[in-house]
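**Q** My file is coords24.cif. It has mmCIF, C-alpha atoms:
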data_final
loop_
_atom_site.label_atom_id
_atom_site.label_comp_id
_atom_site.auth_asym_id
_atom_site.auth_seq_id
_atom_site.Cartn_x
_atom_site.Cartn_y
_atom_site.Cartn_z
CA MET A 1 -101.91 70.32 -73.75
CA GLY A 2 -98.86 70.41 -76.00
CA GLU A 3 -97.07 73.09 -73.95
CA GLU A 4 -94.81 72.11 -70.98
CA GLN A 5 -96.61 72.71 -67.68
CA ARG A 6 -94.92 75.34 -65.45
CA ASN A 7 -94.83 75.33 -61.63
CA VAL A 8 -97.15 78.22 -60.76
CA ASP A 9 -98.64 79.10 -57.35
CA PRO A 10 -102.34 79.81 -56.90
CA VAL A 11 -101.95 83.53 -57.64
CA GLY A 12 -99.90 82.92 -60.71
CA ALA A 13 -96.37 83.72 -59.37
CA GLU A 14 -93.60 81.35 -60.18
CA ARG A 15 -92.08 79.53 -57.22
CA PRO A 16 -88.25 79.52 -56.96
CA SER A 17 -86.71 76.36 -58.12
CA GLN A 18 -85.08 74.09 -55.49
CA PRO A 19 -81.47 74.46 -56.75
CA VAL A 20 -81.53 78.26 -56.23
CA GLY A 21 -82.60 77.89 -52.57
CA ARG A 22 -79.92 75.31 -51.95
CA ARG A 23 -77.21 77.62 -53.31
CA LYS A 24 -78.30 80.44 -50.99
CA LEU A 25 -78.14 78.10 -48.01
CA GLU A 26 -74.68 76.93 -49.03
CA ARG A 27 -73.44 80.52 -49.33
CA ARG A 28 -74.82 81.31 -45.90
CA ILE A 29 -73.08 78.30 -44.37
CA LEU A 30 -69.86 79.28 -46.12
CA ARG A 31 -69.99 82.80 -44.69
CA VAL A 32 -70.54 81.41 -41.20
CA CYS A 33 -67.58 79.05 -41.61
CA VAL A 34 -65.35 81.91 -42.80
CA VAL A 35 -66.34 84.04 -39.79
CA VAL A 36 -65.68 81.15 -37.40
CA LEU A 37 -62.31 80.46 -39.02
CA LEU A 38 -61.23 84.10 -38.88
CA THR A 39 -62.35 84.35 -35.26
CA TYR A 40 -60.30 81.27 -34.40
CA LEU A 41 -57.21 82.57 -36.19
CA LEU A 42 -57.51 85.96 -34.49
CA ALA A 43 -57.91 84.40 -31.06
CA ALA A 44 -55.29 81.67 -31.42
CA TYR A 45 -52.58 83.68 -33.14
CA VAL A 46 -53.14 87.25 -31.92
CA ILE A 47 -55.28 87.68 -28.81
CA VAL A 48 -54.09 84.72 -26.71
CA PRO A 49 -50.35 85.22 -27.42
CA LEU A 50 -50.73 88.93 -26.69
CA GLY A 51 -52.43 88.06 -23.42
CA TRP A 52 -49.56 85.79 -22.43
CA LYS A 53 -47.08 88.50 -23.34
CA ARG A 54 -48.87 91.04 -21.18
CA GLU A 55 -49.08 88.51 -18.37
CA THR A 56 -45.37 87.76 -18.32
CA ARG A 57 -43.65 90.87 -19.62
CA HIS A 58 -43.54 92.58 -16.22
CA HIS A 59 -42.08 89.64 -14.33
CA LEU A 60 -38.55 90.45 -13.28
CA ASP A 61 -35.97 87.65 -13.40
CA ALA A 62 -34.22 88.25 -10.08
CA SER A 63 -32.68 84.79 -9.78
CA ASP A 64 -29.19 86.29 -10.05
CA GLY A 65 -30.03 89.31 -7.95
CA PRO A 66 -28.40 90.08 -4.57
CA ARG A 67 -29.95 88.84 -1.34
CA ILE A 68 -28.04 90.50 1.50
CA THR A 69 -26.36 93.86 1.92
CA HIS A 70 -23.07 94.28 3.81
CA THR A 71 -21.56 96.88 6.06
CA VAL A 72 -18.42 98.70 4.96
CA THR A 73 -16.42 96.18 7.05
CA GLY A 74 -18.02 93.21 5.28
CA ILE A 75 -20.50 92.16 7.99
CA PRO A 76 -23.86 90.93 6.58
CA GLY A 77 -26.41 93.74 6.75
CA ASP A 78 -30.11 94.11 6.01
CA PRO A 79 -31.80 91.71 3.58
CA VAL A 80 -32.89 92.82 0.12
CA ASN A 81 -36.68 92.69 0.06
CA VAL A 82 -37.93 95.05 -2.67
CA ALA A 83 -37.11 95.95 -6.28
CA LEU A 84 -38.31 98.89 -8.36
CA VAL A 85 -38.25 98.96 -12.16
CA GLY A 86 -37.81 102.41 -13.69
CA SER A 87 -35.37 105.23 -14.18
CA GLU A 88 -33.82 107.14 -11.30
CA SER A 89 -36.29 109.93 -11.95
CA ASP A 90 -39.13 107.41 -11.82
CA VAL A 91 -37.90 106.10 -8.47
CA VAL A 92 -37.46 109.56 -6.93
CA HIS A 93 -40.84 110.77 -8.15
CA ALA A 94 -42.64 107.59 -7.06
CA MET A 95 -41.15 107.55 -3.57
CA THR A 96 -41.67 111.25 -2.87
CA ALA A 97 -45.23 111.05 -4.23
CA SER A 98 -45.77 108.19 -1.77
CA LYS A 99 -44.70 110.51 1.07
CA TRP A 100 -41.16 109.25 1.54
CA TYR A 101 -38.42 111.82 2.21
CA PRO A 102 -34.99 111.61 0.54
CA ALA A 103 -32.36 111.03 3.19
CA ASP A 104 -29.48 113.49 3.44
CA PRO A 105 -25.97 112.16 2.76
CA ILE A 106 -23.79 111.45 5.77
CA THR A 107 -21.68 114.48 6.65
CA PHE A 108 -20.34 115.81 9.94
CA ARG A 109 -23.14 118.36 10.02
CA SER A 110 -25.95 115.89 9.23
CA SER A 111 -24.54 113.35 11.71
CA LEU A 112 -24.42 115.98 14.44
CA ARG A 113 -27.96 117.09 13.58
CA ILE A 114 -29.45 113.60 13.84
CA ALA A 115 -27.69 113.06 17.17
CA VAL A 116 -29.06 116.30 18.60
CA ASP A 117 -32.53 115.69 17.19
CA SER A 118 -32.59 112.19 18.66
CA VAL A 119 -31.56 113.40 22.11
CA PHE A 120 -33.95 116.34 22.20
CA ARG A 121 -36.71 114.50 20.30
CA ARG A 122 -36.96 116.95 17.43
CA PRO A 123 -38.35 115.98 14.00
CA ASP A 124 -35.83 115.34 11.23
CA ASP A 125 -37.60 114.21 8.07
CA ASP A 126 -34.44 113.90 5.98
CA ALA A 127 -31.98 112.56 8.53
CA PRO A 128 -29.08 110.56 7.06
CA VAL A 129 -29.02 106.76 7.05
CA SER A 130 -25.93 104.69 7.65
CA THR A 131 -23.99 103.22 4.75
CA LEU A 132 -24.66 99.70 3.54
CA GLU A 133 -23.10 98.18 0.46
CA LEU A 134 -24.42 96.15 -2.45
CA PHE A 135 -22.54 95.43 -5.69
CA GLY A 136 -19.46 96.66 -3.85
CA ARG A 137 -20.73 100.22 -3.32
CA LYS A 138 -22.88 102.23 -0.94
CA GLN A 139 -26.54 102.90 -1.60
CA ASP A 140 -27.39 105.08 -4.60
CA LEU A 141 -30.64 106.40 -3.10
CA ALA A 142 -32.21 106.38 0.35
CA PHE A 143 -35.63 107.42 1.64
CA GLU A 144 -37.34 107.54 5.01
CA GLN A 145 -40.63 108.12 6.80
CA PRO A 146 -40.26 109.47 10.34
CA VAL A 147 -42.38 108.04 13.14
CA GLY A 148 -43.13 110.26 16.11
CA ASP A 149 -41.24 113.39 17.02
CA SER A 150 -37.61 112.31 16.48
CA PRO A 151 -35.46 110.27 14.08
CA ARG A 152 -35.11 107.48 16.64
CA ARG A 153 -37.95 105.61 14.96
CA ARG A 154 -38.52 105.63 11.22
CA HIS A 155 -39.26 103.54 8.17
CA HIS A 156 -36.37 103.66 5.73
CA VAL A 157 -35.14 102.03 2.54
CA ARG A 158 -31.89 102.05 0.61
CA TYR A 159 -31.71 101.41 -3.15
CA TRP A 160 -28.90 100.23 -5.40
CA LYS A 161 -29.00 100.31 -9.18
CA TRP A 162 -28.48 96.91 -10.83
CA ASP A 163 -26.17 96.59 -13.82
CA ARG A 164 -28.94 94.87 -15.80
CA LEU A 165 -32.08 96.13 -17.48
CA HIS A 166 -35.57 94.68 -17.47
CA GLU A 167 -37.44 95.35 -20.72
CA GLY A 168 -35.13 98.29 -21.36
CA ARG A 169 -35.69 99.85 -17.92
CA GLU A 170 -33.37 100.16 -14.94
CA VAL A 171 -33.77 97.92 -11.89
CA TRP A 172 -33.21 99.10 -8.32
CA PHE A 173 -32.80 96.58 -5.50
CA GLY A 174 -33.80 97.86 -2.08
CA ALA A 175 -33.49 96.93 1.57
CA ALA A 176 -36.40 98.32 3.57
CA THR A 177 -36.43 98.11 7.37
CA TYR A 178 -37.96 99.83 10.38
CA ASP A 179 -35.72 101.61 12.89
CA GLU A 180 -37.40 101.00 16.23
CA ARG A 181 -34.79 102.43 18.60
CA VAL A 182 -31.27 103.79 18.98
CA GLY A 183 -28.67 101.79 20.90
CA PHE A 184 -25.28 100.14 20.80
CA SER A 185 -24.45 97.68 18.04
CA ASP A 186 -24.18 94.08 19.26
CA THR A 187 -21.33 93.48 16.81
CA THR A 188 -19.22 96.64 16.96
CA GLY A 189 -20.41 98.53 20.05
CA GLN A 190 -21.06 101.63 17.96
CA ILE A 191 -24.18 103.75 18.39
CA THR A 192 -26.69 102.72 15.75
CA HIS A 193 -30.34 102.21 14.96
CA HIS A 194 -31.81 98.81 15.80
CA ILE A 195 -34.30 97.46 13.28
CA GLY A 196 -37.50 95.53 13.82
CA PRO A 197 -37.45 91.87 12.76
CA ASP A 198 -40.44 91.98 10.37
CA VAL A 199 -38.80 93.10 7.12
CA ASP A 200 -41.77 91.77 5.11
CA ALA A 201 -44.01 94.41 6.66
CA GLU A 202 -41.70 97.12 5.32
CA ARG A 203 -41.66 95.51 1.87
CA ASP A 204 -45.45 95.36 1.81
CA ARG A 205 -45.71 98.93 3.07
CA ILE A 206 -43.72 100.28 0.13
CA LEU A 207 -45.70 98.29 -2.45
CA SER A 208 -48.99 99.36 -0.89
CA GLU A 209 -48.09 103.05 -0.73
CA LEU A 210 -46.80 103.09 -4.31
CA LYS A 211 -50.10 101.59 -5.39
CA GLU A 212 -52.19 104.02 -3.35
CA ALA A 213 -50.25 106.94 -4.83
CA SER A 214 -50.82 105.58 -8.37
CA GLN A 215 -47.08 105.32 -8.91
CA ALA A 216 -46.91 101.65 -9.91
CA VAL A 217 -48.26 100.00 -13.03
CA GLU A 218 -48.06 96.62 -11.33
CA GLU A 219 -46.90 95.12 -8.03
CA TYR A 220 -46.17 91.46 -7.37
CA LEU A 221 -44.14 89.12 -5.19
CA ILE A 222 -41.46 86.68 -6.37
CA ASP A 223 -41.59 83.48 -4.32
CA GLY A 224 -38.44 81.77 -3.06
CA PHE A 225 -36.14 84.75 -3.52
CA HIS A 226 -34.54 84.21 -0.11
CA ARG A 227 -33.36 80.72 0.77
CA GLU A 228 -32.35 81.76 4.30
CA LEU A 229 -35.47 83.03 6.03
CA LYS A 230 -33.78 84.29 9.19
CA GLY A 231 -30.61 86.19 9.96
CA ARG A 232 -28.95 89.07 11.75
CA ASN A 233 -27.86 92.39 10.33
CA GLY A 234 -24.69 94.38 10.91
CA GLY A 235 -25.93 95.63 14.27
CA GLY A 236 -26.76 92.13 15.45
CA ASP A 237 -30.51 92.64 15.06
CA PRO A 238 -32.54 89.56 14.08
CA TRP A 239 -34.73 89.64 10.97
CA GLN A 240 -37.10 87.17 9.39
CA THR A 241 -38.90 86.90 6.05
CA ASP A 242 -41.26 84.70 4.07
CA GLY A 243 -38.59 84.67 1.37
CA ARG A 244 -40.44 86.74 -1.20
CA LEU A 245 -39.14 89.77 -3.10
CA GLY A 246 -41.60 92.60 -3.71
CA VAL A 247 -41.44 94.13 -7.18
CA ALA A 248 -43.07 97.33 -8.43
CA MET A 249 -43.17 98.38 -12.07
CA LEU A 250 -43.15 102.15 -11.80
CA VAL A 251 -45.07 104.61 -13.92
CA MET A 252 -42.74 105.86 -16.63
CA ARG A 253 -42.14 109.59 -16.44
CA THR A 254 -39.99 112.04 -18.35
CA ASN A 255 -38.32 115.31 -17.53
CA VAL A 256 -38.39 114.65 -13.78
CA PRO A 257 -35.13 115.75 -12.13
CA ALA A 258 -33.24 112.99 -10.33
CA MET A 259 -32.23 113.34 -6.73
CA ALA A 260 -28.86 114.98 -6.30
CA LYS A 261 -26.19 112.70 -4.91
#
Kindly present the structure from the file in structure tokens form.
**A**
Amino acid sequence: MGEEQRNVDPVGAERPSQPVGRRKLERRILRVCVVVLLTYLLAAYVIVPLGWKRETRHHLDASDGPRITHTVTGIPGDPVNVALVGSESDVVHAMTASKWYPADPITFRSSLRIAVDSVFRRPDDDAPVSTLELFGRKQDLAFEQPVGDSPRRRHHVRYWKWDRLHEGREVWFGAATYDERVGFSDTTGQITHHIGPDVDAERDRILSELKEASQAVEEYLIDGFHRELKGRNGGGDPWQTDGRLGVAMLVMRTNVPAMAK
């Protein structure tokens, strides 16, 4: 019995000593801690900030944007109720893909044509729209959707390019209204279209149709854009709004020809 007794199991195999098992457990715990730490760092410093960036990067700051258009004589016109973010080509492609027709510029010929078509109730998908001003100039683009068999009734929108960019892209403020009849202006006595009062319905119509046509990456509403929720346009027609501006981030396209001015 002079030899040191060894720890042997019944079949003669040596059992691992306790310190070796403890070291394996410690290494396992360490690996778990490293994985947890890396997961935390990835989430806290990469994933969550990226999520916030994606959540806020599309939100247009329109606090300094225009609220009301004006006639060429300075009378308050239709309210601004929509904004599109994208190039001119993006706007033209998105609107035409959503089944809106570019309006012809006002000329003697186009003015005569819309008058004749209105009287004889003939379709005129690209009839001209009257001039309204924003930023001291007339509309840059205009589109319409005829209703019925003449240009007496139609959905239409005018757009003006802002002098600011949003995330490197152009911004276009628009005034969308519904022409419900032709008559005499309450302010000037001139023959004009009279708009319906629900300008929010026209705003929502554009956002909805852009979405349905897959032309918008995102659509949202900016609360409190309008402080005055009621008013009258240049023809004396009343309008009302919930005060929100509709914004659409358009699909970015290249090599699409812009609409000729």
**Q** For the file shown, what are the residues hit by the PyMOL selection byres ((chain A and resi 247) around 6), laid out as an MDAnalysis selection string?
**A** chainID A and resid 82:84 219:220 246 248
**Q** Using only C-alpha atoms, give me every residue within 9 Å of (-35.6, 103.1, -10.0) in file coordinates, as an MDAnalysis selection string.
**A** chainID A and resid 83:92 94 159:161 169:173 250
**Q** Using the chain letters and numbers from the file, which residues does the PyMOL selection byres ((chain A and resi 93) around 12) grab, as a PyMOL selection string?
**A** chain A and resi 86-92+94-102+143+210+213-216+250-259
**Q** One decimal, in Å: what's the spacing between atom CA of A:Ala142 and atom CA of A:Ser63?
**A**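 Taking atom CA of A:Ala142 as the start and atom CA of A:Ser63 as the end point, the length is 23.9 Å.
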**Q** One decimal, in Å: what's the spacing between atom CA of A:Thr131 and atom CA of A:Ile75?
**A**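 Taking atom CA of A:Thr131 and atom CA of A:Ile75, their separation equals 12.0 Å.
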**Q** For a test of reading the model, state the distance in Å between atom CA of A:Pro76 and atom CA of A:Trp239, rounded to one decimal.
**A**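 Computing it gives 11.8 Å between the two atoms.
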**Q** For the file shown, report as a count of residues only the outcome of the PyMOL selection byres ((chain A and resi 81) around 7) at residue level.
**A** 9
**Q** Which polymer residues have any atom within 12 Å of an atom of A:Thr73, counting all atoms listed in the file, with same-chain residues fewer than 6 positions away left out, as a compact mmCIF listing (two decimals) with C-alpha atoms, in the frame of the given file?
**A**
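Written output follows (part-v5.txt):
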# COMPACT_ATOMS: atom_id res chain seq x y z
CA THR A 131 -23.99 103.22 4.75
CA LEU A 132 -24.66 99.70 3.54
CA GLU A 133 -23.10 98.18 0.46
CA GLY A 136 -19.46 96.66 -3.85
CA ARG A 137 -20.73 100.22 -3.32
CA LYS A 138 -22.88 102.23 -0.94
CA THR A 187 -21.33 93.48 16.81
CA THR A 188 -19.22 96.64 16.96
CA GLY A 234 -24.69 94.38 10.91
CA GLY A 235 -25.93 95.63 14.27
**Q** Taking all listed atoms of stretch 210-219 of chain A, build the axis-aligned box, pad each of the six sides by 5 Å, then write its centre and edge lengths in Å to one decimal as lines of an AutoDock Vina configuration file.
**A**
center_x = -49.5
center_y = 101.0
center_z = -8.2
size_x = 15.4
size_y = 21.8
size_z = 19.7
